[in-house]
Amino acid sequence: MGFGEAAPRERESSSAHGPREAKRSCRGAMAALRLLLPPSTNNVSPFFLSTFSFGSLSIRPREIGIMAAVAEQVVADLREKCATPASLLRDVASAMAGEMSAGLEEEGGSKVKMLLSYVDKLPTGREEGLFYGLDLGGTNFRVLKVQLGGTKKRVVDCESREVTIPPHLMSGTSSELFGFIASELAEFVADEEEESTDLLNGKKRELGFTFSFPVRQTSVASGTLVKWTKAFSIDDAVGKDVVAELQTAMEKQGLDMHVAALINDAVGTLAGARYYDEDVVAGIIFGTGTNAAYVEKANAIPKWEENLPNSGDMVINMEWGNFFSCHLPVTEFDQELDKESLNPGEQIYEKLISGMYLGEIVRRVLLKMSLQSGIFGDNDHCKLNKQFHLRTPHISTMHHDETPDLKIVSEKLHEILGITDTSLETRKMVVEICDIVARRAARLAAAGVAGILLKLDRNGSVDNQRSVIAIDGGLFEHYTKFSECLESTLDELLGVEVSKSVTVKHANDGSGIGAALIAASQSR
Ligand code: BGC
């Protein structure tokens, strides 16, 4: 699962500035600087103002110092606006728990949709047989074949194939997207048939479909798409039953498969982790997007109008990416990102913490810093001007640079943004910007987890009851400073005693195997 490596259609930023505007805005910044700097530095030389240009770098050391001071001011402002003290995070956690209750109360009761998954029994480990999984949620999708061997053997075999979705299909039509998926699935099955003909002993293939977007389910194997998130926007699919769309496309390919379960990746992560550990209470994704699923008592869901399931439980797909609270530290950079996004006004929590957006936030800060201070010298800004050109894996690499002269940062700035000849001081500022943005994300993410524990009444130690939080997603898996900060912040919020009973676990590939496991548990 990705964490922003996918290209969500790069666009020229509407707030794009060419070198001329940059020069003008740099002069403006110098004027503003007269007001900001201490009196001793207030008399910025008219020589500087009249000769500074991006094309000729005849700048004196004193002027370089002024440029650095302006750049540092941008970083200091960002640091202040992104601050997440524990008191703010506690407010975020309470707001999350409150929104969860409101979303369970009635349909549309909260921006956090709290969607019913219709999964009332999670895998136990006893599941046996051959099941298929289809995992769609990012710019790649995966087809899996999973052989389950029951309590002792568990997952006996798992084969998978990953396919990149051509970008034009992410904003085309529903039938084009599902047609493409079904044709790849048909190819996978055809290859398998060549290898062995009696895999299923005449039985129909059972498929678990992980579809990682908000879906209002009508049963465990059907549901309509509420809206697209991340880099998808296929208008004619909204409001349609995604299983029916897939089933039609599979029939056109002559594929004899039955969709036994439709699940979200957060639900799959919960199921996959529960298969091995019965203390898992929630499954969370920090990848390109973010979401959480957890087990709720069915009688604590006022909006559930049907008969209570036998198990008494219901897995809830929270869709927490759409969470909003006045406590969230939203900056001008986030507001502009949101305004220019595919889904303005939506998924604000996701836009602050998930892999699709962190690199883009950093890019916006770097652009402002460069325009105001001229710190990147006469480099061409066309790459820094491109939306989504700087991705989260890039900022992760720069953030983790431990070389004494920040050589890796220098290489990445050159390779990705075409920025050369930076000073060590400038590179340190770049790292600090990555740190501020990633740390805010991780701390807000931890507050979300604390909110779930609060809702479940597991934020105090109850008779040593163990609570395991299973987390999947490329951001959590590969951005070490993000995951470390998330875990330490959770400890900070829960306190020493309670954190002893809460375990955060990396759950690998829940979205793939989870779907096959739920398909299996539904067919028992
Ligand atoms: C989607 C969720 C999904 C999450 C992680 C979000 O954008 O709305 O349904 O679970 O991304 O993939």
# chains A, B, ... in the order shown; residues from 1 in each chain; ligands from 1

call {"tool": "residues_around", "arguments": {"residues": "Ser483 in chain A", "least_positions_apart": "4", "cutoff": "10 Å", "atoms": "only C-alpha atoms", "output": "PyMOL selection string"}}
result
chain A and resi 286+438-439+442-443+445-446+471+475-479+487-489+504+506

call {"tool": "residues_near_ligand", "arguments": {"ligand": "ligand 1", "cutoff": "6 Å", "atoms": "only C-alpha atoms and all ligand atoms", "output": "PyMOL selection string"}}
result
chain A and resi 137+212-214+229-230+264-266+285+289-291+319

call {"tool": "write_last_selection", "arguments": {"atoms": "N, CA, C and O atoms", "output": "PDB file, in the first residue's frame"}}
result
ATOM      1  N   GLY A 137      -7.545   0.519  -4.221  1.00  0.00           N
ATOM      2  CA  GLY A 137      -7.604   1.647  -3.289  1.00  0.00           C
ATOM      3  C   GLY A 137      -6.608   2.733  -3.626  1.00  0.00           C
ATOM      4  O   GLY A 137      -6.700   3.853  -3.150  1.00  0.00           O
ATOM      5  N   SER A 212     -11.292   0.588  -1.294  1.00  0.00           N
ATOM      6  CA  SER A 212     -10.912   1.504  -0.211  1.00  0.00           C
ATOM      7  C   SER A 212     -11.368   2.943  -0.426  1.00  0.00           C
ATOM      8  O   SER A 212     -10.553   3.877  -0.520  1.00  0.00           O
ATOM      9  N   PHE A 213     -12.663   3.083  -0.497  1.00  0.00           N
ATOM     10  CA  PHE A 213     -13.316   4.385  -0.635  1.00  0.00           C
ATOM     11  C   PHE A 213     -14.603   4.310   0.184  1.00  0.00           C
ATOM     12  O   PHE A 213     -15.065   3.201   0.492  1.00  0.00           O
ATOM     13  N   PRO A 214     -15.202   5.459   0.485  1.00  0.00           N
ATOM     14  CA  PRO A 214     -16.419   5.391   1.314  1.00  0.00           C
ATOM     15  C   PRO A 214     -17.595   4.755   0.574  1.00  0.00           C
ATOM     16  O   PRO A 214     -17.987   5.228  -0.492  1.00  0.00           O
ATOM     17  N   THR A 229     -12.224   9.479  -3.059  1.00  0.00           N
ATOM     18  CA  THR A 229     -11.218  10.230  -2.290  1.00  0.00           C
ATOM     19  C   THR A 229      -9.882  10.004  -2.989  1.00  0.00           C
ATOM     20  O   THR A 229      -9.830   9.422  -4.064  1.00  0.00           O
ATOM     21  N   LYS A 230      -8.816  10.440  -2.370  1.00  0.00           N
ATOM     22  CA  LYS A 230      -7.451  10.293  -2.908  1.00  0.00           C
ATOM     23  C   LYS A 230      -7.407  10.817  -4.353  1.00  0.00           C
ATOM     24  O   LYS A 230      -7.953  11.871  -4.617  1.00  0.00           O
ATOM     25  N   ASN A 264     -13.803  -2.514   3.177  1.00  0.00           N
ATOM     26  CA  ASN A 264     -12.847  -1.409   3.133  1.00  0.00           C
ATOM     27  C   ASN A 264     -11.477  -1.932   3.603  1.00  0.00           C
ATOM     28  O   ASN A 264     -11.423  -2.914   4.350  1.00  0.00           O
ATOM     29  N   ASP A 265     -10.398  -1.260   3.198  1.00  0.00           N
ATOM     30  CA  ASP A 265      -9.071  -1.748   3.614  1.00  0.00           C
ATOM     31  C   ASP A 265      -8.861  -1.692   5.131  1.00  0.00           C
ATOM     32  O   ASP A 265      -8.158  -2.538   5.704  1.00  0.00           O
ATOM     33  N   ALA A 266      -9.501  -0.706   5.798  1.00  0.00           N
ATOM     34  CA  ALA A 266      -9.355  -0.644   7.263  1.00  0.00           C
ATOM     35  C   ALA A 266     -10.044  -1.861   7.893  1.00  0.00           C
ATOM     36  O   ALA A 266      -9.540  -2.455   8.861  1.00  0.00           O
ATOM     37  N   ILE A 285      -5.457   2.514   8.757  1.00  0.00           N
ATOM     38  CA  ILE A 285      -4.594   2.683   7.584  1.00  0.00           C
ATOM     39  C   ILE A 285      -3.949   4.065   7.615  1.00  0.00           C
ATOM     40  O   ILE A 285      -4.646   5.075   7.737  1.00  0.00           O
ATOM     41  N   GLY A 289      -4.099   7.303   1.722  1.00  0.00           N
ATOM     42  CA  GLY A 289      -5.210   7.885   2.475  1.00  0.00           C
ATOM     43  C   GLY A 289      -5.161   7.366   3.901  1.00  0.00           C
ATOM     44  O   GLY A 289      -4.243   6.624   4.281  1.00  0.00           O
ATOM     45  N   THR A 290      -6.153   7.742   4.694  1.00  0.00           N
ATOM     46  CA  THR A 290      -6.194   7.217   6.066  1.00  0.00           C
ATOM     47  C   THR A 290      -7.623   6.874   6.458  1.00  0.00           C
ATOM     48  O   THR A 290      -8.584   7.489   5.957  1.00  0.00           O
ATOM     49  N   ASN A 291      -7.744   5.877   7.336  1.00  0.00           N
ATOM     50  CA  ASN A 291      -9.067   5.443   7.781  1.00  0.00           C
ATOM     51  C   ASN A 291      -8.917   4.505   8.978  1.00  0.00           C
ATOM     52  O   ASN A 291      -7.805   4.022   9.248  1.00  0.00           O
ATOM     53  N   GLU A 319     -14.429   5.888   8.267  1.00  0.00           N
ATOM     54  CA  GLU A 319     -14.143   6.951   7.287  1.00  0.00           C
ATOM     55  C   GLU A 319     -13.701   8.221   8.031  1.00  0.00           C
ATOM     56  O   GLU A 319     -14.200   9.318   7.798  1.00  0.00           O
TER      57      GLU A 319
END

call {"tool": "closest_residue", "arguments": {"among": "A:Leu255, A:Glu360, A:Thr397, A:Trp228", "to": "Leu413 in chain A", "atoms": "only C-alpha atoms"}}
result
A:Thr397

call {"tool": "residues_around", "arguments": {"residues": "Ala447 in chain A", "least_positions_apart": "6", "cutoff": "7 Å", "atoms": "only C-alpha atoms", "output": "VMD selection string"}}
result
chain A and resid 89 to 90 92 to 93

call {"tool": "residues_around", "arguments": {"residues": "Val163 in chain A", "least_positions_apart": "4", "cutoff": "9 Å", "atoms": "only C-alpha atoms", "output": "JSON, numbers by chain"}}
result
{"A": [139, 140, 141, 142, 143, 181, 184]}

call {"tool": "write_last_selection", "arguments": {"atoms": "C-alpha atoms", "output": "mmCIF file, in the first residue's frame"}}
result
data_model
loop_
_atom_site.group_PDB
_atom_site.id
_atom_site.type_symbol
_atom_site.label_atom_id
_atom_site.label_comp_id
_atom_site.auth_asym_id
_atom_site.auth_seq_id
_atom_site.Cartn_x
_atom_site.Cartn_y
_atom_site.Cartn_z
ATOM 1 C CA THR A 139 -2.955 3.680 -8.139
ATOM 2 C CA ASN A 140 -2.239 -0.037 -8.147
ATOM 3 C CA PHE A 141 -4.642 -2.858 -7.607
ATOM 4 C CA ARG A 142 -3.879 -6.390 -6.590
ATOM 5 C CA VAL A 143 -5.356 -9.779 -7.271
ATOM 6 C CA ILE A 181 -9.873 -4.671 -13.475
ATOM 7 C CA GLU A 184 -6.633 -8.337 -15.429
#

call {"tool": "decode", "arguments": {"residues": "range 361-388 of chain A", "atoms": "C-alpha atoms", "output": "PDB file, in the first residue's frame"}}
result
ATOM      1  CA  ILE A 361       2.283  20.519   2.059  1.00  0.00           C
ATOM      2  CA  VAL A 362       6.076  20.662   2.286  1.00  0.00           C
ATOM      3  CA  ARG A 363       6.284  21.747  -1.370  1.00  0.00           C
ATOM      4  CA  ARG A 364       3.929  24.639  -0.690  1.00  0.00           C
ATOM      5  CA  VAL A 365       5.980  25.772   2.296  1.00  0.00           C
ATOM      6  CA  LEU A 366       9.236  25.552   0.330  1.00  0.00           C
ATOM      7  CA  LEU A 367       7.702  27.578  -2.478  1.00  0.00           C
ATOM      8  CA  LYS A 368       6.589  30.317  -0.130  1.00  0.00           C
ATOM      9  CA  MET A 369       9.956  30.311   1.620  1.00  0.00           C
ATOM     10  CA  SER A 370      11.771  30.607  -1.672  1.00  0.00           C
ATOM     11  CA  LEU A 371       9.551  33.354  -3.035  1.00  0.00           C
ATOM     12  CA  GLN A 372       9.771  35.415   0.111  1.00  0.00           C
ATOM     13  CA  SER A 373      13.445  35.009   0.828  1.00  0.00           C
ATOM     14  CA  GLY A 374      15.157  34.071  -2.420  1.00  0.00           C
ATOM     15  CA  ILE A 375      16.959  31.386  -0.440  1.00  0.00           C
ATOM     16  CA  PHE A 376      17.099  28.957  -3.377  1.00  0.00           C
ATOM     17  CA  GLY A 377      18.951  31.536  -5.462  1.00  0.00           C
ATOM     18  CA  ASP A 378      18.532  31.680  -9.207  1.00  0.00           C
ATOM     19  CA  ASN A 379      17.189  28.159  -9.589  1.00  0.00           C
ATOM     20  CA  ASP A 380      14.348  27.648 -11.998  1.00  0.00           C
ATOM     21  CA  HIS A 381      11.131  27.255  -9.989  1.00  0.00           C
ATOM     22  CA  CYS A 382       9.091  25.320 -12.515  1.00  0.00           C
ATOM     23  CA  LYS A 383       9.381  22.018 -10.626  1.00  0.00           C
ATOM     24  CA  LEU A 384       8.741  23.581  -7.234  1.00  0.00           C
ATOM     25  CA  ASN A 385       5.657  25.146  -8.785  1.00  0.00           C
ATOM     26  CA  LYS A 386       4.115  21.829  -9.814  1.00  0.00           C
ATOM     27  CA  GLN A 387       1.434  20.415  -7.586  1.00  0.00           C
ATOM     28  CA  PHE A 388       2.278  16.999  -6.134  1.00  0.00           C
TER      29      PHE A 388
END
